[in-house]
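What follows is the content of entry_31.txt (compact mmCIF, C-alpha atoms).
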```
# COMPACT_ATOMS: atom_id res chain seq x y z
CA MET N 271 119.03 131.97 51.46
CA ASN N 272 121.61 134.39 50.22
CA SER N 273 120.90 133.51 46.61
CA ILE N 274 117.16 134.20 47.03
CA ILE N 275 117.94 137.77 48.08
CA THR N 276 120.30 138.13 45.12
CA HIS N 277 117.58 137.00 42.72
CA ILE N 278 114.95 139.29 44.24
CA PHE N 279 117.41 142.18 43.96
CA ARG N 280 118.07 141.32 40.30
CA PHE N 281 114.33 140.99 39.68
CA ILE N 282 113.71 144.56 40.86
CA VAL N 283 116.77 146.04 39.15
CA PHE N 284 115.92 144.41 35.80
CA ILE N 285 112.31 145.62 35.91
CA LEU N 286 113.35 149.18 36.71
CA LEU N 287 116.13 149.19 34.14
CA GLN N 288 113.88 147.82 31.40
CA GLY N 289 110.78 149.82 32.26
CA LEU N 290 112.31 153.18 33.05
CA VAL N 291 115.49 153.36 31.01
CA LEU N 292 115.59 150.96 28.07
CA ASN N 293 111.96 151.32 26.96
CA SER N 294 112.29 155.06 26.60
CA LEU N 295 115.57 154.78 24.72
CA GLU N 296 115.24 155.43 21.01
CA VAL N 297 118.10 153.94 19.01
CA GLY N 298 116.50 154.12 15.58
CA LEU N 299 115.98 151.53 12.81
CA GLY N 300 113.33 149.91 14.96
CA ILE N 301 115.86 148.65 17.47
CA GLN N 302 114.51 147.86 20.90
CA LEU N 303 116.72 146.63 23.70
CA MET N 304 115.36 143.91 25.98
CA ILE N 305 117.46 142.54 28.80
CA TYR N 306 114.94 140.89 31.12
CA PRO N 307 115.36 137.35 29.65
CA LEU N 308 118.71 137.40 31.43
CA PHE N 309 116.89 137.18 34.76
CA ILE N 310 115.16 133.93 33.77
CA MET N 311 118.46 132.68 32.36
CA LEU N 312 120.35 133.30 35.61
CA LEU N 313 117.88 131.49 37.90
CA PRO N 314 119.47 128.35 39.40
CA PHE N 315 119.67 125.20 37.27
CA ASP N 316 117.39 123.23 39.59
CA THR N 317 114.54 125.76 39.53
CA SER N 318 111.27 124.02 38.66
CA VAL N 319 109.56 125.06 35.44
CA MET N 320 106.46 126.06 37.43
CA LEU N 321 108.50 128.59 39.36
CA LEU N 322 110.17 129.79 36.16
CA LEU N 323 106.80 130.37 34.52
CA MET N 324 105.35 132.15 37.54
CA SER N 325 108.31 134.47 37.96
CA ALA N 326 108.31 135.17 34.21
CA PHE N 327 104.63 136.04 34.43
CA VAL N 328 105.04 138.42 37.36
CA MET N 329 108.10 140.07 35.85
CA GLY N 330 106.49 140.44 32.45
CA PHE N 331 103.38 142.04 33.86
CA SER N 332 105.40 144.47 35.96
CA ILE N 333 107.31 145.61 32.87
CA ASP N 334 104.12 145.76 30.82
CA SER N 335 102.34 147.91 33.35
CA ILE N 336 105.21 150.39 33.39
CA SER N 337 105.58 150.64 29.63
CA ASN N 338 101.93 150.39 28.50
CA THR N 339 102.36 147.26 26.44
CA PHE N 340 99.53 145.30 28.11
CA GLY N 341 100.95 141.77 27.96
CA LEU N 342 103.47 141.88 25.13
CA HIS N 343 106.53 141.51 27.35
CA THR N 344 104.75 138.89 29.47
CA SER N 345 104.00 136.72 26.50
CA SER N 346 107.53 136.79 25.16
CA LEU N 347 109.08 136.18 28.57
CA LEU N 348 106.79 133.17 29.14
CA ILE N 349 108.19 131.67 25.94
CA VAL N 350 111.70 132.04 27.34
CA ALA N 351 110.76 130.45 30.66
CA TYR N 352 108.98 127.58 28.97
CA LEU N 353 111.76 126.83 26.49
CA ARG N 354 114.66 127.23 28.94
CA PRO N 355 114.70 123.59 30.14
CA PHE N 356 114.56 122.25 26.56
CA ILE N 357 117.39 124.45 25.35
CA PHE N 358 119.45 123.71 28.46
CA ASN N 359 119.02 120.01 27.73
CA MET N 360 120.08 120.46 24.13
CA PHE N 361 123.34 122.13 25.11
CA SER N 362 123.91 120.07 28.24
CA PRO N 363 127.59 119.42 29.12
CA ARG N 364 128.81 115.81 29.16
CA ASP N 365 128.29 115.19 32.88
CA GLY N 366 125.16 117.32 33.36
CA TYR N 367 124.75 120.66 35.08
CA ASP N 368 126.32 121.41 38.43
CA PRO N 369 123.45 122.79 40.57
CA LEU N 370 125.91 124.91 42.52
CA LYS N 371 126.89 126.83 39.42
CA GLU N 372 125.07 129.72 37.82
CA ALA N 373 124.15 130.02 34.14
CA SER N 374 126.34 133.07 33.69
CA ILE N 375 129.03 133.68 31.12
CA PHE N 376 131.78 133.40 33.74
CA GLU N 377 130.79 130.05 35.21
CA MET N 378 129.60 128.20 32.13
CA GLY N 379 132.07 129.53 29.61
CA GLN N 380 131.66 131.78 26.63
CA ARG N 381 130.76 129.18 24.03
CA TRP N 382 127.97 127.65 26.08
CA PHE N 383 126.55 131.02 27.06
CA VAL N 384 126.61 132.49 23.56
CA SER N 385 124.79 129.54 22.03
CA VAL N 386 122.19 128.99 24.79
CA PHE N 387 121.41 132.61 25.57
CA GLY N 388 121.68 133.56 21.90
CA VAL N 389 118.97 131.07 20.96
CA LEU N 390 116.70 132.14 23.83
CA LEU N 391 117.15 135.83 23.08
CA LEU N 392 116.53 135.30 19.37
CA ILE N 393 113.28 133.42 20.03
CA GLN N 394 112.16 136.02 22.55
CA HIS N 395 112.88 139.02 20.30
CA PHE N 396 111.30 137.37 17.28
CA TRP N 397 108.15 136.48 19.21
CA PHE N 398 107.94 140.00 20.64
CA PHE N 399 108.26 141.81 17.33
CA THR N 400 105.93 139.41 15.50
CA LEU N 401 103.21 140.00 18.07
CA GLU N 402 103.85 143.72 18.09
CA MET N 403 103.49 144.06 14.33
CA PHE N 404 100.98 141.24 13.83
CA ASN N 405 100.90 141.72 10.09
CA ILE N 406 102.21 139.39 7.39
CA SER N 407 103.11 142.26 5.09
CA GLU N 408 105.54 143.53 7.74
CA THR N 409 107.51 140.25 7.90
CA PHE N 410 110.63 141.82 6.51
CA TYR N 411 110.49 144.63 9.04
CA VAL N 412 110.08 142.09 11.87
CA PHE N 413 113.22 140.31 10.67
CA GLN N 414 115.10 143.58 10.41
CA LYS N 415 114.10 144.57 13.95
CA THR N 416 115.02 141.15 15.33
CA ILE N 417 118.37 140.89 13.60
CA LEU N 418 119.43 144.38 14.59
CA SER N 419 118.16 144.25 18.19
CA VAL N 420 119.42 140.84 19.28
CA PRO N 421 123.19 141.58 19.09
CA LEU N 422 122.77 144.86 20.96
CA SER N 423 120.63 143.29 23.68
CA PHE N 424 123.14 140.48 23.91
CA LEU N 425 126.07 142.85 24.40
CA LEU N 426 124.11 144.73 27.04
CA CYS N 427 123.38 141.46 28.86
CA ILE N 428 127.08 140.60 28.95
CA LEU N 429 127.82 144.06 30.30
CA LEU N 430 125.16 143.60 32.99
CA GLN N 431 126.74 140.35 34.07
CA VAL N 432 130.05 142.09 34.48
CA ILE N 433 128.29 144.52 36.83
CA PHE N 434 125.81 142.35 38.72
CA VAL N 435 127.15 138.81 38.64
CA THR N 436 130.17 138.13 40.78
CA LYS N 437 132.95 136.22 39.12
CA PRO N 438 133.71 132.84 40.67
CA LYS N 439 136.98 132.66 42.57
CA GLU N 440 139.87 130.84 40.99
CA ARG N 441 139.94 127.27 42.13
CA MET M 51 88.91 109.93 35.86
CA HIS M 52 92.23 108.47 36.83
CA ASN M 53 93.46 108.90 33.30
CA LEU M 54 92.32 112.49 33.24
CA LEU M 55 94.22 113.26 36.43
CA ALA M 56 97.28 111.54 35.06
CA PHE M 57 96.96 113.60 31.91
CA PHE M 58 96.81 116.81 33.88
CA ARG M 59 99.78 115.79 36.00
CA ARG M 60 101.81 114.93 32.96
CA PHE M 61 101.04 118.08 31.06
CA ARG M 62 100.68 120.44 33.98
CA ILE M 63 103.65 122.55 32.94
CA PHE M 64 102.42 122.90 29.40
CA LEU M 65 98.91 123.66 30.62
CA LEU M 66 100.16 126.34 32.99
CA PHE M 67 102.22 127.81 30.17
CA VAL M 68 99.22 127.89 27.84
CA LEU M 69 97.01 129.38 30.55
CA LEU M 70 99.43 132.21 31.33
CA GLN M 71 100.13 132.80 27.65
CA VAL M 72 96.41 133.07 26.87
CA LEU M 73 95.99 135.46 29.78
CA ALA M 74 98.80 137.69 28.52
CA LEU M 75 97.74 137.64 24.88
CA SER M 76 94.07 138.24 25.62
CA THR M 77 94.91 141.32 27.69
CA TYR M 78 97.18 142.52 24.91
CA PHE M 79 94.70 142.17 22.07
CA THR M 80 91.62 143.33 23.94
CA TYR M 81 93.40 146.30 25.47
CA LEU M 82 94.33 147.73 22.10
CA SER M 83 90.66 148.16 21.30
CA TYR M 84 89.07 148.68 24.70
CA PRO M 85 90.57 149.03 28.19
CA ARG M 86 88.98 146.70 30.70
CA SER M 87 90.98 147.56 33.78
CA GLN M 88 93.63 150.04 34.79
CA TYR M 89 95.67 147.66 36.88
CA LEU M 90 97.94 146.72 34.03
CA THR M 91 98.56 150.19 32.69
CA SER M 92 100.75 153.02 33.75
CA ALA M 93 97.65 154.76 35.10
CA SER M 94 97.60 152.45 38.13
CA SER M 95 98.77 154.02 41.36
CA VAL M 96 102.02 152.10 41.90
CA THR M 97 103.48 152.47 38.43
CA SER M 98 102.25 156.02 37.98
CA SER M 99 104.01 157.21 41.12
CA LEU M 100 107.13 155.46 39.84
CA LEU M 101 106.80 157.20 36.49
CA GLU M 102 106.16 160.53 38.19
CA THR M 103 109.50 160.14 39.97
CA LYS M 104 111.20 159.24 36.71
CA SER M 105 109.63 162.19 34.95
CA SER M 106 110.76 164.54 37.70
CA VAL M 107 114.32 163.52 36.87
CA THR M 108 114.15 163.32 33.08
CA LYS M 109 112.06 166.42 32.43
CA TYR M 110 115.14 168.61 32.76
CA TRP M 111 116.66 167.07 29.64
CA ASN M 112 114.29 168.82 27.26
CA LEU M 113 113.65 171.84 29.44
CA GLY M 114 115.25 174.35 27.06
CA VAL M 115 113.22 173.26 24.02
CA ASN M 116 110.00 173.07 25.97
CA ASN M 117 110.45 176.48 27.52
CA ARG M 118 111.10 178.02 24.13
CA ASN M 119 107.95 176.40 22.72
CA LEU M 120 105.84 177.67 25.58
CA GLN M 121 107.29 181.13 25.22
CA GLN M 122 106.48 181.18 21.52
CA GLU M 123 102.96 180.12 22.25
CA ASN M 124 102.65 182.83 24.88
CA ILE M 125 103.74 185.44 22.37
CA ARG M 126 101.19 184.17 19.85
CA LEU M 127 98.41 184.37 22.40
CA ARG M 128 99.57 187.69 23.81
CA ASN M 129 99.28 189.14 20.32
CA LYS M 130 95.63 188.22 20.34
CA ILE M 131 94.51 189.69 23.64
CA LYS M 132 92.53 192.85 23.84
CA GLY M 133 95.30 194.90 25.41
CA SER M 134 97.49 194.51 22.34
CA TYR M 135 94.97 196.22 20.09
CA ILE M 136 94.08 199.88 19.64
CA ARG M 137 90.42 200.68 19.38
CA LEU M 138 89.70 202.26 16.00
CA GLU M 139 85.99 202.92 16.37
CA ASN M 140 85.39 204.87 19.51
CA SER M 141 81.66 205.01 19.10
CA LEU M 142 81.17 201.27 19.28
CA VAL M 143 80.87 199.85 22.75
CA LYS M 144 80.69 196.13 23.27
CA ILE M 145 78.24 195.23 25.99
CA GLN M 146 77.78 191.52 25.93
CA ASP M 147 78.68 189.07 23.27
CA THR M 148 75.91 186.56 22.90
CA LEU M 149 77.02 185.43 19.48
CA TYR M 150 79.83 183.35 20.87
CA ARG M 151 79.73 180.60 23.41
CA GLN M 152 82.66 178.64 24.62
CA GLN M 153 82.79 175.21 23.03
CA TYR M 154 86.18 173.87 24.06
CA GLU M 155 87.88 173.84 27.44
CA TYR M 156 91.54 173.01 27.83
CA THR M 157 93.27 171.28 30.72
CA PRO M 158 97.05 171.76 30.81
CA CYS M 159 99.12 168.76 31.90
CA GLN M 160 102.44 166.99 31.49
CA VAL M 161 103.41 163.78 29.75
CA ILE M 162 105.14 161.70 32.43
CA ASN M 163 105.84 158.63 30.33
CA SER M 164 106.10 158.16 26.61
CA SER M 165 107.63 155.90 24.01
CA VAL M 166 108.06 156.22 20.27
CA ASN M 167 109.72 152.95 19.27
CA LYS M 168 106.80 150.52 19.55
CA ARG M 169 104.09 149.72 17.04
CA ASN M 170 101.49 151.21 19.35
CA ASN M 171 102.76 153.98 21.58
CA PHE M 172 100.81 155.09 24.60
CA PHE M 173 101.65 158.17 26.69
CA THR M 174 100.83 158.73 30.36
CA LEU M 175 99.51 162.09 31.57
CA ASN M 176 99.41 163.40 35.13
CA VAL M 177 95.71 164.29 35.08
CA GLY M 178 92.81 161.90 35.66
CA TYR M 179 89.08 161.75 36.13
CA SER M 180 89.22 163.88 39.25
CA GLN M 181 90.26 166.70 36.88
CA GLY M 182 87.35 165.89 34.58
CA ILE M 183 89.29 163.85 32.03
CA LYS M 184 87.27 161.20 30.23
CA ARG M 185 87.95 158.52 27.63
CA GLY M 186 87.77 159.86 24.10
CA MET M 187 88.95 163.42 24.76
CA GLY M 188 91.56 164.85 22.42
CA VAL M 189 95.10 165.77 23.44
CA PHE M 190 97.35 168.26 21.66
CA SER M 191 100.44 170.32 22.34
CA ASP M 192 101.38 173.80 21.24
CA LYS M 193 103.05 172.33 18.15
CA GLY M 194 100.63 169.67 17.07
CA VAL M 195 98.10 166.97 17.70
CA VAL M 196 99.09 164.25 20.19
CA GLY M 197 96.33 161.68 20.57
CA VAL M 198 93.12 160.60 22.26
CA ILE M 199 92.57 159.66 25.92
CA HIS M 200 92.36 155.86 26.15
CA SER M 201 91.74 155.22 29.83
CA THR M 202 91.82 157.19 33.07
CA SER M 203 92.42 156.61 36.76
CA GLN M 204 91.92 159.11 39.55
CA HIS M 205 94.98 161.23 38.90
CA TYR M 206 96.46 159.77 35.72
CA SER M 207 95.39 158.90 32.24
CA VAL M 208 96.75 156.93 29.29
CA VAL M 209 96.74 158.51 25.84
CA LYS M 210 96.51 156.54 22.62
CA SER M 211 99.00 158.63 20.70
CA VAL M 212 99.16 159.52 17.01
CA LEU M 213 101.93 156.93 16.81
CA THR M 214 99.42 154.05 16.96
CA GLU M 215 98.07 151.71 14.33
CA HIS M 216 94.38 152.65 14.37
CA ILE M 217 94.48 156.30 15.36
CA ASN M 218 92.48 157.62 12.36
CA VAL M 219 92.31 161.32 13.15
CA ASP M 220 90.28 163.36 10.64
CA VAL M 221 92.72 165.71 8.93
CA ILE M 222 92.37 168.32 6.20
CA LEU M 223 94.85 169.98 3.86
CA GLU M 224 94.67 173.65 4.63
CA SER M 225 95.05 175.01 1.10
CA SER M 226 92.94 172.66 -0.98
CA GLY M 227 90.46 171.41 1.58
CA ALA M 228 91.03 167.77 0.72
CA PHE M 229 90.56 165.55 3.71
CA GLY M 230 91.59 162.09 4.81
CA LEU M 231 92.55 159.97 7.78
CA LEU M 232 95.88 160.19 9.58
CA LYS M 233 97.83 156.90 9.74
CA TRP M 234 101.18 155.78 11.13
CA ASP M 235 103.15 152.85 9.77
CA GLY M 236 105.17 152.11 12.90
CA ARG M 237 108.63 153.07 11.67
CA ASP M 238 109.71 156.67 11.92
CA PRO M 239 108.18 158.71 14.79
CA GLN M 240 108.51 161.85 12.67
CA ILE M 241 106.71 160.62 9.55
CA GLY M 242 103.01 159.83 9.20
CA SER M 243 100.69 159.39 6.26
CA ILE M 244 97.21 160.38 5.13
CA SER M 245 94.91 157.94 3.39
CA GLY M 246 91.93 158.63 1.23
CA ILE M 247 93.03 161.66 -0.77
CA SER M 248 91.91 161.42 -4.39
CA ASN M 249 94.68 161.84 -6.97
CA ASP M 250 92.88 164.44 -9.04
CA MET M 251 93.63 166.96 -6.29
CA LYS M 252 96.61 169.19 -6.90
CA ILE M 253 98.75 169.06 -3.80
CA LYS M 254 102.01 170.85 -3.19
CA LYS M 255 104.80 169.70 -0.92
CA GLY M 256 104.97 171.59 2.33
CA THR M 257 101.22 172.12 2.55
CA LYS M 258 99.99 172.53 6.09
CA VAL M 259 97.88 169.66 7.43
CA VAL M 260 95.45 170.44 10.27
CA THR M 261 92.66 168.61 12.07
CA ARG M 262 89.33 168.71 10.32
CA GLY M 263 87.13 169.09 13.36
CA GLY M 264 84.48 166.79 12.02
CA SER M 265 84.51 164.38 14.91
CA THR M 266 83.79 165.73 18.37
CA ILE M 267 87.35 165.10 19.56
CA PHE M 268 89.44 167.91 18.08
CA PRO M 269 88.45 171.44 17.17
CA LYS M 270 89.20 172.53 13.64
CA GLY M 271 92.66 173.76 12.80
CA ILE M 272 95.05 172.04 15.24
CA LEU M 273 98.32 171.60 13.40
CA VAL M 274 99.31 168.03 12.51
CA GLY M 275 102.25 168.42 10.14
CA TYR M 276 103.45 169.34 6.68
CA ILE M 277 103.30 167.29 3.50
CA LYS M 278 106.64 165.69 2.79
CA GLN M 279 106.11 163.43 -0.17
CA LEU M 280 103.45 162.46 -2.68
CA LYS M 281 103.28 159.15 -4.51
CA PRO M 282 100.51 157.71 -6.65
CA ILE M 283 99.18 154.36 -5.40
CA GLU M 284 99.19 151.81 -8.18
CA GLY M 285 95.75 150.69 -9.24
CA LYS M 286 93.89 153.16 -7.08
CA PRO M 287 92.83 156.72 -7.79
CA LEU M 288 94.47 157.87 -4.57
CA TRP M 289 97.61 159.68 -3.45
CA ASP M 290 99.99 158.10 -0.99
CA VAL M 291 100.67 161.21 1.07
CA SER M 292 103.41 161.13 3.70
CA ILE M 293 103.65 163.98 6.17
CA ARG M 294 106.24 165.22 8.60
CA PHE M 295 104.72 165.70 12.05
CA SER M 296 105.08 169.20 13.41
CA GLU M 297 105.47 167.85 16.94
CA ASP M 298 108.57 165.92 17.89
CA TYR M 299 107.03 163.13 19.96
CA ARG M 300 110.41 162.10 21.32
CA SER M 301 110.72 165.18 23.52
CA ILE M 302 107.08 165.93 24.25
CA GLN M 303 106.20 167.30 27.69
CA ASN M 304 103.55 170.00 27.95
CA VAL M 305 100.19 169.08 26.46
CA TYR M 306 96.53 170.12 26.71
CA VAL M 307 93.46 167.94 27.00
CA ILE M 308 90.43 169.19 25.11
CA LYS M 309 86.98 169.02 26.60
CA ASN M 310 84.25 169.60 24.07
CA LEU M 311 81.31 171.20 25.90
CA LEU M 312 78.94 170.55 23.01
CA LYS M 313 80.00 166.93 22.43
CA GLU M 314 76.82 165.43 23.84
CA GLU M 315 74.69 167.70 21.73
CA GLN M 316 76.53 166.73 18.54
CA ASP M 317 76.53 163.04 19.40
CA LYS M 318 72.82 163.19 20.09
CA ILE M 319 71.91 164.85 16.83
CA GLU M 320 74.23 162.59 14.87
CA SER M 321 72.76 159.47 16.40
CA THR M 322 69.50 160.28 14.63
CA ILE M 323 71.15 159.65 11.25
CA PRO M 324 69.73 156.32 10.07
CA GLU M 325 72.49 153.77 9.70
CA GLU M 326 72.89 152.20 6.31
CA LYS M 327 72.22 148.51 6.35
CA GLY M 328 74.42 145.89 4.77
CA GLU M 329 77.72 147.44 5.76
```

Would you mind writing the file out in structure tokens?
Amino acid sequence: MNSIITHIFRFIVFILLQGLVLNSLEVGLGIQLMIYPLFIMLLPFDTSVMLLLMSAFVMGFSIDSISNTFGLHTSSLLIVAYLRPFIFNMFSPRDGYDPLKEASIFEMGQRWFVSVFGVLLLIQHFWFFTLEMFNISETFYVFQKTILSVPLSFLLCILLQVIFVTKPKER
Amino acid sequence: MHNLLAFFRRFRIFLLFVLLQVLALSTYFTYLSYPRSQYLTSASSVTSSLLETKSSVTKYWNLGVNNRNLQQENIRLRNKIKGSYIRLENSLVKIQDTLYRQQYEYTPCQVINSSVNKRNNFFTLNVGYSQGIKRGMGVFSDKGVVGVIHSTSQHYSVVKSVLTEHINVDVILESSGAFGLLKWDGRDPQIGSISGISNDMKIKKGTKVVTRGGSTIFPKGILVGYIKQLKPIEGKPLWDVSIRFSEDYRSIQNVYVIKNLLKEEQDKIESTIPEEKGE
């Protein structure tokens, strides 16, 4: 019960942060920061894919309606939600996932988090920028945007976890 | 039948994914050309009130610059009013001027949400159809052209800004009279380009670029920017003209919406031009 409230709180905070702050931030060089995949990432391990997809859809459309992108964020977030189970399986630890744990950097360790979330974030950013440009002659620019944006978004996501995700107690 | 159900059950996740993805992509691609509903845009009531709150906080950041711009515009206009002039010919008395009729009306408003870092940037204004705003009206600020109204709700409207792929504003070079279409390549919010200028024209850097006023959207002579660079396009008798926008779209706040009172008349007479077939 407690965790549902936490996730709803995160849902709202991420939408507001992305829609009101990050989307109006101009870094230059075509960099755009996107942190909302972290919400899908942090949902419990035993969440069904249906629920993942639905929450991705609702979240994406909320961000889209704030930032006038009409479905761009939704589409890229749906990719993340759909691919999450596959990527989690690929990087599964030896004895499977502990459903009591959370997919955060503190509980799952740095190496696991960097590889899993890195792959998801890379796919999401690439999909977003490809759709946004939608032009083969701009391929190089899409790559430039992706490569420059992903590390910054990633750092921001780690920072957000330090703020919003409580560290597990020492056992 | 049984097999079909089993198929659906097996692939239900993938099917749901495809369904939602199609929904998202179809709204994205159709919206760029024509808005079907306002629920997904910042003109809807929930998001626009949210953005209004945000704007009430962030508008103070650029307050100094915006105030200075407005003051400069005030001075320009004040120089034009009757009280600033001395009458030279005392014998002439103006009774009623029937030679002029007002063609354009301006509605002042504020940009409450804007972005410059996307491929297609849309701005939100705090006026809507209850203030007489309609799709297709032009928007400009005291420093330059801003865009065209894309969709409206009761109190808000969304502007397709100059920083969009298919904006195609008619522009003209003030000195030479060469004209072309304004484009934006999606990279630098300060740099745009003009297509369709023939390379036998002599063009100097720093030439003023203004709207042409051919379409019914903008009156003639609204500033767009200044020519920054000229390059010949290989294999075509055209210049690749890049311009520096006179307006800084990153800190834009006070804008005006143009209502053309003679738009219907012009559209009506232009619709009698026979369309060429085979195009």

Would you list which chain M residues are within 7 Å of chain N using all atoms listed in the file, as JSON, numbers by chain?
{"M": [63, 67, 71, 74, 75, 77, 78, 81, 90, 91, 92, 97, 164, 165, 167, 169, 172, 237]}

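Taking atom CA of M:His200 and atom CA of M:Arg185 as the two end points, the separation is 5.4 Å.
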
Residues around (108.5, 158.5, 13.3), cut-off 12 Å, counting only C-alpha atoms - what are they as a PyMOL selection string?
(chain N and resi 296+298-300) or (chain M and resi 165-171+212-214+233-243+292-300)

M:Asn249 environment, 8 Å, all atoms listed in the file, sequence neighbours closer than 6 positions dropped, as a ChimeraX atom specification:
/M:282,287-289

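Neighbours of M:Lys104 closer than or equal to 9 Å, with all atoms listed in the file counted and sequence neighbours fewer than 3 positions away skipped, come out as N:Leu290, M:Ser99, M:Leu100, M:Leu101, M:Val107, M:Thr108, M:Lys109, M:Ile162, M:Asn163.
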
Residues just named, written with C-alpha atoms as an mmCIF file, in the frame of the given file:
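Wrote selection30.cif, looks like this:
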```cif
data_model
loop_
_atom_site.group_PDB
_atom_site.id
_atom_site.type_symbol
_atom_site.label_atom_id
_atom_site.label_comp_id
_atom_site.auth_asym_id
_atom_site.auth_seq_id
_atom_site.Cartn_x
_atom_site.Cartn_y
_atom_site.Cartn_z
ATOM 1 C CA LEU N 290 112.310 153.180 33.050
ATOM 2 C CA SER M 99 104.010 157.210 41.120
ATOM 3 C CA LEU M 100 107.130 155.460 39.840
ATOM 4 C CA LEU M 101 106.800 157.200 36.490
ATOM 5 C CA VAL M 107 114.320 163.520 36.870
ATOM 6 C CA THR M 108 114.150 163.320 33.080
ATOM 7 C CA LYS M 109 112.060 166.420 32.430
ATOM 8 C CA ILE M 162 105.140 161.700 32.430
ATOM 9 C CA ASN M 163 105.840 158.630 30.330
#
```

Residue contacts of stretch 429-432 of chain N (9 Å, only C-alpha atoms) excluding same-chain residues fewer than 4 positions away, as a ChimeraX atom specification
/N:305,308,374-376,424-425,436-437

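Here atom CA of N:Glu372 and atom CA of N:Leu321 stand 16.7 Å from one another.
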
Give me the residues within 9 Å of N:Leu313 as a list in words, counting all atoms listed in the file and dropping any in the same chain fewer than 4 places off.
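In the requested form, the answer reads His277, Leu308, Phe309, Thr317, Leu322, Glu372 and Ala373 of chain N.
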
Shell of 10 Å around M:Gly230, all atoms listed in the file, local chain residues under 3 positions omitted, as a list of chain:residue names:
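These residues fall inside the cut-off: M:Asn218, M:Val219, M:Asp220, M:Val221, M:Ile222, M:Leu223, M:Gly227, M:Lys233, M:Ser243, M:Ile244, M:Ser245, M:Gly246, M:Ile247, M:Ser248, M:Thr261, M:Arg262, M:Val291.
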
Take the residues just selected and output them with C-alpha atoms as an mmCIF file, in the frame of the given file.
```cif
data_model
loop_
_atom_site.group_PDB
_atom_site.id
_atom_site.type_symbol
_atom_site.label_atom_id
_atom_site.label_comp_id
_atom_site.auth_asym_id
_atom_site.auth_seq_id
_atom_site.Cartn_x
_atom_site.Cartn_y
_atom_site.Cartn_z
ATOM 1 C CA ASN M 218 92.480 157.620 12.360
ATOM 2 C CA VAL M 219 92.310 161.320 13.150
ATOM 3 C CA ASP M 220 90.280 163.360 10.640
ATOM 4 C CA VAL M 221 92.720 165.710 8.930
ATOM 5 C CA ILE M 222 92.370 168.320 6.200
ATOM 6 C CA LEU M 223 94.850 169.980 3.860
ATOM 7 C CA GLY M 227 90.460 171.410 1.580
ATOM 8 C CA LYS M 233 97.830 156.900 9.740
ATOM 9 C CA SER M 243 100.690 159.390 6.260
ATOM 10 C CA ILE M 244 97.210 160.380 5.130
ATOM 11 C CA SER M 245 94.910 157.940 3.390
ATOM 12 C CA GLY M 246 91.930 158.630 1.230
ATOM 13 C CA ILE M 247 93.030 161.660 -0.770
ATOM 14 C CA SER M 248 91.910 161.420 -4.390
ATOM 15 C CA THR M 261 92.660 168.610 12.070
ATOM 16 C CA ARG M 262 89.330 168.710 10.320
ATOM 17 C CA VAL M 291 100.670 161.210 1.070
#
```

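Here atom CA of M:Val209 and atom CA of M:Gln303 stand 13.0 Å from one another.
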
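Proximity to N:Ser385 was assessed for N:Met304, N:Val412, N:Leu292, N:Ile357 counting all atoms listed in the file; the smallest distance is recorded for N:Ile357.
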
Since the input lacks some atoms of stretch 227-236 of chain M, please model N, CA and C atoms and print them as a PDB file, in the coordinates of the input.
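To be explicit, this is the file written out as part.pdb:
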```
ATOM      1  N   GLY M 227      91.676 171.885   0.926  1.00  0.00           N
ATOM      2  CA  GLY M 227      90.460 171.410   1.580  1.00  0.00           C
ATOM      3  C   GLY M 227      90.219 169.934   1.412  1.00  0.00           C
ATOM      4  N   ALA M 228      91.179 169.223   0.821  1.00  0.00           N
ATOM      5  CA  ALA M 228      91.030 167.770   0.720  1.00  0.00           C
ATOM      6  C   ALA M 228      91.197 167.167   2.098  1.00  0.00           C
ATOM      7  N   PHE M 229      90.401 166.138   2.387  1.00  0.00           N
ATOM      8  CA  PHE M 229      90.560 165.550   3.710  1.00  0.00           C
ATOM      9  C   PHE M 229      90.732 164.049   3.661  1.00  0.00           C
ATOM     10  N   GLY M 230      91.338 163.528   4.732  1.00  0.00           N
ATOM     11  CA  GLY M 230      91.590 162.090   4.810  1.00  0.00           C
ATOM     12  C   GLY M 230      91.806 161.686   6.249  1.00  0.00           C
ATOM     13  N   LEU M 231      92.305 160.469   6.428  1.00  0.00           N
ATOM     14  CA  LEU M 231      92.550 159.970   7.780  1.00  0.00           C
ATOM     15  C   LEU M 231      94.047 159.851   8.019  1.00  0.00           C
ATOM     16  N   LEU M 232      94.466 160.252   9.218  1.00  0.00           N
ATOM     17  CA  LEU M 232      95.880 160.190   9.580  1.00  0.00           C
ATOM     18  C   LEU M 232      96.251 158.760   9.960  1.00  0.00           C
ATOM     19  N   LYS M 233      97.367 158.266   9.416  1.00  0.00           N
ATOM     20  CA  LYS M 233      97.830 156.900   9.740  1.00  0.00           C
ATOM     21  C   LYS M 233      99.295 156.962  10.154  1.00  0.00           C
ATOM     22  N   TRP M 234      99.756 155.887  10.803  1.00  0.00           N
ATOM     23  CA  TRP M 234     101.180 155.780  11.130  1.00  0.00           C
ATOM     24  C   TRP M 234     101.628 154.354  10.867  1.00  0.00           C
ATOM     25  N   ASP M 235     102.757 154.200  10.167  1.00  0.00           N
ATOM     26  CA  ASP M 235     103.150 152.850   9.770  1.00  0.00           C
ATOM     27  C   ASP M 235     104.085 152.167  10.756  1.00  0.00           C
ATOM     28  N   GLY M 236     104.396 152.790  11.864  1.00  0.00           N
ATOM     29  CA  GLY M 236     105.170 152.110  12.900  1.00  0.00           C
ATOM     30  C   GLY M 236     106.661 152.206  12.740  1.00  0.00           C
TER      31      GLY M 236
END
```
